[in-house]
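Content type PDB, C-alpha atoms, from the file target.pdb:
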```
ATOM      1  CA  MET W   1     141.321 118.116  82.615
ATOM      2  CA  ARG W   2     143.821 116.253  84.787
ATOM      3  CA  THR W   3     141.554 116.520  87.823
ATOM      4  CA  ALA W   4     138.571 115.258  85.832
ATOM      5  CA  GLU W   5     140.592 112.364  84.457
ATOM      6  CA  ARG W   6     141.684 111.351  87.966
ATOM      7  CA  LEU W   7     138.211 111.574  89.497
ATOM      8  CA  TYR W   8     136.533 109.722  86.642
ATOM      9  CA  ALA W   9     139.222 107.022  86.654
ATOM     10  CA  GLU W  10     138.962 106.470  90.386
ATOM     11  CA  ARG W  11     135.181 106.810  90.873
ATOM     12  CA  GLY W  12     133.534 106.218  87.489
ATOM     13  CA  PHE W  13     131.556 108.667  85.381
ATOM     14  CA  ALA W  14     128.261 108.205  87.224
ATOM     15  CA  ASN W  15     129.767 109.166  90.588
ATOM     16  CA  VAL W  16     131.436 112.459  89.651
ATOM     17  CA  SER W  17     129.643 115.749  88.982
ATOM     18  CA  VAL W  18     131.041 118.733  87.120
ATOM     19  CA  ARG W  19     130.725 120.699  90.380
ATOM     20  CA  GLN W  20     132.997 118.179  92.121
ATOM     21  CA  ILE W  21     135.526 118.496  89.303
ATOM     22  CA  SER W  22     135.550 122.293  89.575
ATOM     23  CA  GLU W  23     135.939 122.175  93.348
ATOM     24  CA  ALA W  24     138.711 119.553  93.265
ATOM     25  CA  ALA W  25     140.549 121.582  90.621
ATOM     26  CA  GLY W  26     140.416 124.677  92.843
ATOM     27  CA  GLN W  27     138.005 126.549  90.579
ATOM     28  CA  ARG W  28     135.764 128.929  92.483
ATOM     29  CA  ASN W  29     133.481 129.148  89.458
ATOM     30  CA  ASN W  30     131.341 125.986  89.437
ATOM     31  CA  SER W  31     130.513 126.622  85.776
ATOM     32  CA  ALA W  32     134.166 126.300  84.717
ATOM     33  CA  VAL W  33     133.590 122.980  82.951
ATOM     34  CA  GLN W  34     130.670 124.363  80.939
ATOM     35  CA  TYR W  35     132.627 127.524  80.141
ATOM     36  CA  HIS W  36     135.674 125.703  78.776
ATOM     37  CA  PHE W  37     134.120 122.498  77.363
ATOM     38  CA  GLU W  38     130.354 123.200  77.035
ATOM     39  CA  SER W  39     129.404 119.964  78.794
ATOM     40  CA  ARG W  40     130.643 116.956  80.743
ATOM     41  CA  ASP W  41     130.860 114.912  77.528
ATOM     42  CA  GLY W  42     132.807 117.713  75.841
ATOM     43  CA  LEU W  43     135.347 117.573  78.660
ATOM     44  CA  ILE W  44     135.624 113.782  78.426
ATOM     45  CA  LYS W  45     136.045 113.872  74.640
ATOM     46  CA  THR W  46     138.786 116.487  74.936
ATOM     47  CA  ILE W  47     140.692 114.299  77.415
ATOM     48  CA  LEU W  48     140.317 111.251  75.164
ATOM     49  CA  SER W  49     141.500 113.138  72.090
ATOM     50  CA  SER W  50     144.551 114.468  73.918
ATOM     51  CA  HIS W  51     145.655 110.920  74.719
ATOM     52  CA  THR W  52     144.940 109.721  71.178
ATOM     53  CA  ARG W  53     147.278 112.429  69.866
ATOM     54  CA  LEU W  54     150.051 111.427  72.284
ATOM     55  CA  VAL W  55     149.849 107.750  71.290
ATOM     56  CA  GLU W  56     149.607 108.637  67.604
ATOM     57  CA  LYS W  57     152.902 110.532  67.852
ATOM     58  CA  HIS W  58     154.642 107.242  68.705
ATOM     59  CA  ARG W  59     152.612 104.928  66.487
ATOM     60  CA  ILE W  60     152.816 106.819  63.193
ATOM     61  CA  THR W  61     156.625 106.564  63.249
ATOM     62  CA  MET W  62     156.513 102.803  63.809
ATOM     63  CA  VAL W  63     153.877 102.211  61.130
ATOM     64  CA  GLU W  64     155.626 104.350  58.536
ATOM     65  CA  ALA W  65     158.792 102.286  59.060
ATOM     66  CA  LEU W  66     156.841  99.194  57.954
ATOM     67  CA  ARG W  67     155.097 100.767  54.972
ATOM     68  CA  GLU W  68     157.690  99.663  52.417
ATOM     69  CA  ARG W  69     157.954  96.116  53.734
ATOM     70  CA  GLU W  70     156.648  93.231  51.617
ATOM     71  CA  THR W  71     155.324  91.387  54.645
ATOM     72  CA  VAL W  72     154.541  92.375  58.201
ATOM     73  CA  SER W  73     154.563  89.758  60.952
ATOM     74  CA  LEU W  74     151.882  89.447  63.607
ATOM     75  CA  GLU W  75     154.486  90.460  66.196
ATOM     76  CA  GLU W  76     155.272  93.634  64.258
ATOM     77  CA  HIS W  77     151.570  94.345  63.742
ATOM     78  CA  TYR W  78     150.792  94.095  67.447
ATOM     79  CA  GLY W  79     153.992  95.894  68.337
ATOM     80  CA  CYS W  80     152.625  98.893  66.430
ATOM     81  CA  LEU W  81     149.310  98.537  68.208
ATOM     82  CA  ILE W  82     150.575  98.042  71.771
ATOM     83  CA  LEU W  83     154.027  99.598  72.203
ATOM     84  CA  PRO W  84     153.052 103.242  71.478
ATOM     85  CA  THR W  85     150.516 103.029  74.308
ATOM     86  CA  VAL W  86     153.192 101.522  76.556
ATOM     87  CA  GLU W  87     155.512 104.446  75.803
ATOM     88  CA  ASN W  88     152.731 106.923  76.539
ATOM     89  CA  HIS W  89     152.087 105.317  79.933
ATOM     90  CA  ILE W  90     155.789 105.369  80.783
ATOM     91  CA  GLU W  91     156.029 109.052  79.865
ATOM     92  CA  ALA W  92     152.976 109.844  82.020
ATOM     93  CA  GLY W  93     154.723 108.581  85.149
ATOM     94  CA  THR W  94     153.103 107.252  88.334
ATOM     95  CA  PRO W  95     150.473 107.820  89.520
ATOM     96  CA  ALA W  96     148.516 108.220  86.307
ATOM     97  CA  TRP W  97     144.892 107.734  85.379
ATOM     98  CA  SER W  98     144.613 107.585  81.581
ATOM     99  CA  ALA W  99     144.311 103.791  81.236
ATOM    100  CA  ARG W 100     141.519 103.557  83.812
ATOM    101  CA  PHE W 101     139.835 106.632  82.343
ATOM    102  CA  PHE W 102     139.896 105.053  78.881
ATOM    103  CA  ALA W 103     138.499 101.770  80.218
ATOM    104  CA  GLN W 104     135.635 103.678  81.885
ATOM    105  CA  ALA W 105     134.879 105.616  78.705
ATOM    106  CA  LEU W 106     134.847 102.487  76.568
ATOM    107  CA  VAL W 107     131.926 101.017  78.512
ATOM    108  CA  GLU W 108     129.999 104.288  78.942
ATOM    109  CA  PRO W 109     126.963 103.930  76.618
ATOM    110  CA  ALA W 110     126.834 107.616  75.685
ATOM    111  CA  LEU W 111     130.532 107.681  74.804
ATOM    112  CA  ARG W 112     131.371 104.245  73.425
ATOM    113  CA  ASP W 113     130.878 105.065  69.733
ATOM    114  CA  TYR W 114     132.912 108.245  70.075
ATOM    115  CA  VAL W 115     135.713 106.378  71.866
ATOM    116  CA  LEU W 116     135.911 103.772  69.123
ATOM    117  CA  ARG W 117     135.936 106.377  66.341
ATOM    118  CA  ASP W 118     138.496 108.567  68.079
ATOM    119  CA  HIS W 119     140.760 105.639  68.947
ATOM    120  CA  LEU W 120     140.486 103.636  65.715
ATOM    121  CA  ASP W 121     140.154 106.334  63.053
ATOM    122  CA  THR W 122     143.717 107.632  63.125
ATOM    123  CA  PRO W 123     146.236 107.861  60.269
ATOM    124  CA  SER W 124     148.543 105.264  61.815
ATOM    125  CA  LEU W 125     145.813 102.663  62.368
ATOM    126  CA  ARG W 126     144.411 103.182  58.877
ATOM    127  CA  VAL W 127     147.868 102.463  57.432
ATOM    128  CA  LEU W 128     148.358  99.504  59.775
ATOM    129  CA  ASP W 129     145.015  98.107  58.667
ATOM    130  CA  GLU W 130     146.229  98.242  55.037
ATOM    131  CA  ILE W 131     149.710  96.787  55.526
ATOM    132  CA  GLY W 132     149.284  94.757  58.691
ATOM    133  CA  ALA W 133     149.234  91.055  59.302
ATOM    134  CA  ILE W 134     145.609  90.389  60.225
ATOM    135  CA  ARG W 135     144.165  87.755  57.901
ATOM    136  CA  ARG W 136     140.657  88.606  56.689
ATOM    137  CA  ASP W 137     140.215  86.713  53.407
ATOM    138  CA  GLY W 138     137.681  83.936  53.811
ATOM    139  CA  VAL W 139     136.978  84.818  57.454
ATOM    140  CA  ARG W 140     133.392  85.458  58.517
ATOM    141  CA  PRO W 141     132.783  89.197  59.144
ATOM    142  CA  GLU W 142     131.232  88.497  62.538
ATOM    143  CA  LEU W 143     134.358  86.577  63.583
ATOM    144  CA  ILE W 144     136.573  89.465  62.513
ATOM    145  CA  ALA W 145     134.395  91.844  64.559
ATOM    146  CA  ARG W 146     134.508  89.519  67.576
ATOM    147  CA  HIS W 147     138.273  89.234  67.258
ATOM    148  CA  GLY W 148     138.575  93.025  67.270
ATOM    149  CA  THR W 149     136.457  93.238  70.404
ATOM    150  CA  MET W 150     138.631  90.647  72.169
ATOM    151  CA  VAL W 151     141.847  92.432  71.207
ATOM    152  CA  ARG W 152     140.460  95.736  72.435
ATOM    153  CA  GLN W 153     139.083  94.408  75.727
ATOM    154  CA  LEU W 154     142.219  92.456  76.597
ATOM    155  CA  SER W 155     144.605  95.316  75.937
ATOM    156  CA  VAL W 156     142.490  98.133  77.421
ATOM    157  CA  HIS W 157     141.767  96.336  80.674
ATOM    158  CA  ALA W 158     145.268  94.905  81.068
ATOM    159  CA  PHE W 159     146.639  98.453  80.868
ATOM    160  CA  ALA W 160     144.026  99.680  83.356
ATOM    161  CA  GLU W 161     144.863  96.890  85.827
ATOM    162  CA  LEU W 162     148.582  97.651  85.755
ATOM    163  CA  GLU W 163     147.961 101.372  86.161
ATOM    164  CA  TYR W 164     145.757 100.634  89.185
ATOM    165  CA  ASP W 165     148.375  98.375  90.755
ATOM    166  CA  LEU W 166     151.094 101.007  90.340
ATOM    167  CA  ALA W 167     148.922 103.847  91.636
ATOM    168  CA  ASN W 168     147.740 101.924  94.690
ATOM    169  CA  GLY W 169     151.006 100.411  95.881
ATOM    170  CA  ARG W 170     150.387  96.861  94.709
ATOM    171  CA  LEU W 171     153.533  97.248  92.616
ATOM    172  CA  ASP W 172     156.569  99.356  93.441
ATOM    173  CA  PRO W 173     156.402 102.584  91.368
ATOM    174  CA  ALA W 174     160.172 102.275  90.930
ATOM    175  CA  THR W 175     159.487  99.259  88.701
ATOM    176  CA  ALA W 176     156.908 101.102  86.579
ATOM    177  CA  GLU W 177     158.907 101.292  83.350
ATOM    178  CA  ASP W 178     159.912  97.634  83.493
ATOM    179  CA  SER W 179     156.348  96.637  84.393
ATOM    180  CA  TRP W 180     154.860  98.537  81.445
ATOM    181  CA  ARG W 181     157.390  97.085  79.015
ATOM    182  CA  ALA W 182     156.845  93.550  80.319
ATOM    183  CA  LEU W 183     153.077  93.945  79.978
ATOM    184  CA  GLY W 184     153.524  95.236  76.435
ATOM    185  CA  GLN W 185     155.546  92.189  75.405
ATOM    186  CA  ASP W 186     153.131  89.816  77.146
ATOM    187  CA  LEU W 187     150.183  91.443  75.372
ATOM    188  CA  ILE W 188     151.893  91.118  71.990
ATOM    189  CA  THR W 189     152.496  87.408  72.637
ATOM    190  CA  ALA W 190     148.921  86.865  73.835
ATOM    191  CA  LEU W 191     147.360  88.764  70.930
ATOM    192  CA  CYS W 192     149.430  86.854  68.381
ATOM    193  CA  GLY W 193     148.158  83.600  69.895
ATOM    194  CA  LEU W 194     144.570  84.843  69.994
ATOM    195  CA  THR W 195     144.686  85.964  66.379
ATOM    196  CA  THR W 196     146.209  82.735  65.094
ATOM    197  CA  ALA W 197     143.694  80.660  67.061
ATOM    198  CA  LEU W 198     140.651  82.588  65.835
ATOM    199  CA  LEU W 199     141.600  83.695  62.316
ATOM    200  CA  GLY W 200     144.302  81.193  61.387
ATOM    201  CA  PRO W 201     147.834  81.937  60.206
ATOM    202  CA  ARG W 202     148.234  84.593  57.556
TER
END
```
Would you encode the structure as structure tokens?
Amino acid sequence: MRTAERLYAERGFANVSVRQISEAAGQRNNSAVQYHFESRDGLIKTILSSHTRLVEKHRITMVEALRERETVSLEEHYGCLILPTVENHIEAGTPAWSARFFAQALVEPALRDYVLRDHLDTPSLRVLDEIGAIRRDGVRPELIARHGTMVRQLSVHAFAELEYDLANGRLDPATAEDSWRALGQDLITALCGLTTALLGPR
């Protein structure tokens, strides 16, 4: 799984075969992927789900802490959205490939719907949707959908860019933790501004 994640992140899904994954992982059996995961897409979905579970471990704790609050600020809302992913990237160390892998999967036509369901349909995000600070009353449904797309694209690709820079020496790996935390705070600030501009204050 780790070999597949690295190859897909670095080369894209179209440029990596299951045979190449098996060979790079030191598997003499070229059918190892099919044996363990049934198909290429089964392997990709398993990798995605493993990362969703790791992020969920952090996010559910943060969301549950807000459940009893009367109001939740935009900063707290986006903190719950962004900071668990930041913590997961820090724990993964450098080099890592999960952010670039996720960005690739999000734009893969055969996988996009699965990625969105797997990423968005989690207990923590369902609770955050109920208690969070995103204003929806009186807002056109298509604007809400467009806002969600912008939030997703900005955060996913910002994470992928930082991961690339750390993995390829554009940033000192020794600064990785500080870089991830700074990006997280910058994303929260940017997403609060985006939301207020598009949807108005709560």
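Residues matched by the PyMOL selection byres ((chain W and resi 189) around 12) in this file: Leu74, Glu75, Glu76, His77, Tyr78, Gly79, Ile82, Val151, Ser155, Ala182, Leu183, Gly184, Gln185, Asp186, Leu187, Ile188, Ala190, Leu191, Cys192, Gly193, Leu194, Thr195 and Thr196 of chain W.
Residue selection for this entry, given the PyMOL selection byres ((chain W and resi 120-136) around 8), comprises Glu56, Arg59, Ile60, Val63, Glu64, Leu66, Arg67, Thr71, Val72, Ser73, Leu74, His77, Cys80, Leu81, Leu116, Arg117, Asp118, His119, Asp137, Gly138, Val139, Ile144, Thr195, Leu199, Gly200, Pro201 and Arg202 of chain W.
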### Message
So, with all atoms listed in the file as the atoms that count, which of W:Arg69, W:Arg19, W:Arg2, W:His147 lies closest to Val33 (chain W)?
### Response
W:Arg19
### Message
With all atoms listed in the file as the counted atoms, please give the residues lying no more than 12 Å from Pro173 (chain W), apart from itself and same-chain residues fewer than 2 positions off, as a PyMOL selection string.
### Response
chain W and resi 90+93-96+162-171+175-180
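Residue selection for this entry, given the PyMOL selection byres ((chain W and resi 20-29) around 10), comprises W:Met1, W:Arg2, W:Thr3, W:Ala4, W:Glu5, W:Arg6, W:Leu7, W:Tyr8, W:Asn15, W:Val16, W:Ser17, W:Val18, W:Arg19, W:Asn30, W:Ser31, W:Ala32, W:Val33, W:Tyr35, W:Arg40.
With distances taken over all atoms listed in the file, W:Ala99 is the one residue among W:Ala99, W:Ser50, W:Lys57, W:Glu10 lying closest to Glu161 (chain W).
For the set W:Asp113, W:Glu91, W:Glu38, W:Glu108, the residue with the smallest atom-to-atom gap to Ala14 (chain W) is W:Glu108, counting only C-alpha atoms.
Straight-line separation from CA of Val86 (chain W) to CA of Phe37 (chain W): 28.4 Å.
Of the listed residues (W:Arg11, W:His58, W:His89, W:Arg53), W:His89 comes nearest to Arg181 (chain W); the distances count all atoms listed in the file.
Across the structure, CA of Leu43 (chain W) and CA of Leu83 (chain W) are spaced 26.7 Å apart.
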